[in-house]
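> Quick one: this structure, given as structure tokens, is what I'll be asking you about.
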Amino acid sequence: QVQVVESGGDSVQAGGSLTLTCLASGDMWRRYSMTWFRQAPGKGREGVAHFYIPTLATRYADSVKGRFTISRDDAKNMLYLQMNSLKPEDTAVYYCAADNRIKNDGNWAWPDEYIYWGQGTQVTVSS
């Protein structure tokens, strides 16, 4: 079993930057697929950035490409989401999710594909 805890959410002005962190613990988490999701008020949960274990490649939602960067530090059991050039539409609760199954281009952003979830951290971007 894997436990994940997010932190780093804050209120920032548009154009600013934030780094979210996800502390993961438990057996074999380094072999898991890890993804950042977000959920804005009144909307569904959206896959934002994914770390693909077999090749260490990454995937991003079109809405954040070029602005967000996902990374992981296995020595620290940490997953990061560096968010630059933030926009008001990035306002949401951000979640870290993990699953022991490999993901592909078709399902990495589906919430139902993930077993383990953190409690979320709030990001608010004001104009």
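Residues are referred to by chain and number: the chain letter is A, B, ... according to the order shown in the structure tokens, the number counts from 1 in that chain, and ligands are numbered separately from 1 in the order shown.
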Go through stretch 76-117 of chain A and collect every residue that DSSP, computed from the backbone, puts in helix (DSSP H, G or I); the answer should be as a ChimeraX atom specification.

/A:88-90,111-113

> Could you write out that same residue set with N, CA, C and O atoms as a short mmCIF file (atom, residue, chain, number, x, y, z; two decimals), in the first residue's frame?


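Output (selection35.cif):
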data_model
loop_
_atom_site.label_atom_id
_atom_site.label_comp_id
_atom_site.auth_asym_id
_atom_site.auth_seq_id
_atom_site.Cartn_x
_atom_site.Cartn_y
_atom_site.Cartn_z
N PRO A 88 -5.54 32.35 -13.53
CA PRO A 88 -6.72 32.15 -12.66
C PRO A 88 -7.41 30.82 -12.90
O PRO A 88 -7.92 30.21 -11.95
N GLU A 89 -7.39 30.33 -14.13
CA GLU A 89 -8.04 29.05 -14.43
C GLU A 89 -7.28 27.85 -13.87
O GLU A 89 -7.76 26.71 -13.95
N ASP A 90 -6.10 28.07 -13.31
CA ASP A 90 -5.37 26.99 -12.63
C ASP A 90 -5.86 26.81 -11.19
O ASP A 90 -5.43 25.87 -10.51
N PRO A 111 -9.18 9.51 -13.57
CA PRO A 111 -9.13 9.32 -12.11
C PRO A 111 -9.40 7.88 -11.67
O PRO A 111 -8.79 7.40 -10.71
N ASP A 112 -10.28 7.20 -12.37
CA ASP A 112 -10.63 5.83 -11.97
C ASP A 112 -9.47 4.85 -12.11
O ASP A 112 -9.54 3.73 -11.61
N GLU A 113 -8.40 5.27 -12.79
CA GLU A 113 -7.25 4.38 -12.98
C GLU A 113 -6.32 4.38 -11.78
O GLU A 113 -5.33 3.65 -11.77
#

> Could you list, with a cut-off of 6 Å and counting only C-alpha atoms, the residues of stretch 25-77 of chain A near stretch 95-106 of chain A, each shown with its nearest atom pair and the distance in Å rounded to one decimal, rows sorted by chain and ascending number, as CSV?


residue,atom,partner,partner_atom,distance
A:Tyr32,CA,A:Asn100,CA,4.6
A:Ser33,CA,A:Asp99,CA,5.3
A:Met34,CA,A:Ala98,CA,4.6
A:Thr35,CA,A:Ala97,CA,5.3
A:Trp36,CA,A:Cys96,CA,4.7
A:Phe37,CA,A:Tyr95,CA,5.0
A:Arg38,CA,A:Tyr95,CA,5.8

> Using only C-alpha atoms, can you tell me which of A:Val125, A:Val5, A:Ala61, A:Ala109 comes closest to A:Leu20?

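Looking at the shortest contact to A:Leu20, the residue is A:Val5.
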
> Using backbone DSSP assignments, extract all strand (DSSP E) residues from chain A; output them as a ChimeraX atom specification.

/A:2-7,11-13,18-26,33-39,45-52,57-60,68-73,78-83,92-99,116-117,121-126

> For A:Trp108, which residue out of A:His50, A:Ser71, A:Val93, A:Lys87 is the nearest one, using only C-alpha atoms?

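The shortest atom-to-atom distance to A:Trp108 comes from A:His50.
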
> Go through A:Cys22, A:Leu79, A:Ile115, A:Ile70 one by one, measure the shortest atom-to-atom distance of each to A:Gly9 using only C-alpha atoms, and give the residue with the smallest value.

A:Cys22

> Restricting the calculation to only C-alpha atoms, which member of A:Asn107, A:Ala24, A:Asp10, A:Ala75 is positioned closest to A:Arg59?

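Of the candidates, the smallest distance to A:Arg59 is held by A:Asn107.
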
> Considering only C-alpha atoms, return as a ChimeraX atom specification whatever protein or nucleic-acid residues lie within 12 Å of A:Lys65, sequence-local ones (same chain, fewer than 5 positions apart) excluded.

/A:48-50,58-60,70,82-86

> Can I get the selected residues back with N, CA, C and O atoms, as an mmCIF file, in the first residue's frame?


data_model
loop_
_atom_site.group_PDB
_atom_site.id
_atom_site.type_symbol
_atom_site.label_atom_id
_atom_site.label_comp_id
_atom_site.auth_asym_id
_atom_site.auth_seq_id
_atom_site.Cartn_x
_atom_site.Cartn_y
_atom_site.Cartn_z
ATOM 1 N N VAL A 48 -3.381 16.377 -14.770
ATOM 2 C CA VAL A 48 -2.538 17.518 -15.104
ATOM 3 C C VAL A 48 -1.163 17.079 -15.603
ATOM 4 O O VAL A 48 -0.703 17.534 -16.646
ATOM 5 N N ALA A 49 -0.510 16.197 -14.854
ATOM 6 C CA ALA A 49 0.847 15.778 -15.209
ATOM 7 C C ALA A 49 1.103 14.380 -14.677
ATOM 8 O O ALA A 49 0.698 14.042 -13.569
ATOM 9 N N HIS A 50 1.786 13.593 -15.486
ATOM 10 C CA HIS A 50 1.987 12.168 -15.185
ATOM 11 C C HIS A 50 3.454 11.799 -15.341
ATOM 12 O O HIS A 50 4.127 12.276 -16.266
ATOM 13 N N THR A 58 7.366 11.834 -19.298
ATOM 14 C CA THR A 58 6.283 12.567 -18.650
ATOM 15 C C THR A 58 5.183 12.886 -19.642
ATOM 16 O O THR A 58 5.417 12.950 -20.854
ATOM 17 N N ARG A 59 4.003 13.076 -19.118
ATOM 18 C CA ARG A 59 2.853 13.478 -19.925
ATOM 19 C C ARG A 59 2.178 14.658 -19.249
ATOM 20 O O ARG A 59 2.120 14.720 -18.013
ATOM 21 N N TYR A 60 1.626 15.554 -20.052
ATOM 22 C CA TYR A 60 0.979 16.739 -19.534
ATOM 23 C C TYR A 60 -0.332 16.994 -20.249
ATOM 24 O O TYR A 60 -0.469 16.715 -21.444
ATOM 25 N N ILE A 70 6.625 18.127 -13.981
ATOM 26 C CA ILE A 70 6.549 17.086 -12.956
ATOM 27 C C ILE A 70 7.913 16.433 -12.813
ATOM 28 O O ILE A 70 8.633 16.240 -13.801
ATOM 29 N N GLN A 82 6.158 21.615 -10.403
ATOM 30 C CA GLN A 82 6.577 23.008 -10.514
ATOM 31 C C GLN A 82 5.601 23.715 -11.450
ATOM 32 O O GLN A 82 5.440 23.299 -12.609
ATOM 33 N N MET A 83 4.953 24.766 -10.958
ATOM 34 C CA MET A 83 3.933 25.467 -11.738
ATOM 35 C C MET A 83 4.381 26.900 -11.953
ATOM 36 O O MET A 83 4.556 27.654 -10.987
ATOM 37 N N ASN A 84 4.579 27.262 -13.211
ATOM 38 C CA ASN A 84 4.990 28.614 -13.568
ATOM 39 C C ASN A 84 3.894 29.289 -14.394
ATOM 40 O O ASN A 84 3.001 28.625 -14.930
ATOM 41 N N SER A 85 4.004 30.607 -14.506
ATOM 42 C CA SER A 85 3.051 31.389 -15.307
ATOM 43 C C SER A 85 1.614 31.017 -14.963
ATOM 44 O O SER A 85 0.792 30.756 -15.850
ATOM 45 N N LEU A 86 1.314 30.996 -13.691
ATOM 46 C CA LEU A 86 -0.006 30.563 -13.241
ATOM 47 C C LEU A 86 -1.100 31.506 -13.715
ATOM 48 O O LEU A 86 -0.892 32.728 -13.820
#

> State, in Å with one decimal place, the distance from atom CA of A:Asp62 to atom CA of A:Gln3.

28.1 Å

> Given only C-alpha atoms as the basis, pick out the residue of A:Asn77, A:Gln39, A:Thr19, A:Gln122 nearest to A:Val4.

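Ranked by minimum distance to A:Val4, first place goes to A:Asn77.
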
> Take atom CA of A:Ser7 and atom CA of A:Gly44 and report the distance between them in Å, one decimal.

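Computed distance, atom CA of A:Ser7 to atom CA of A:Gly44, equals 21.0 Å.
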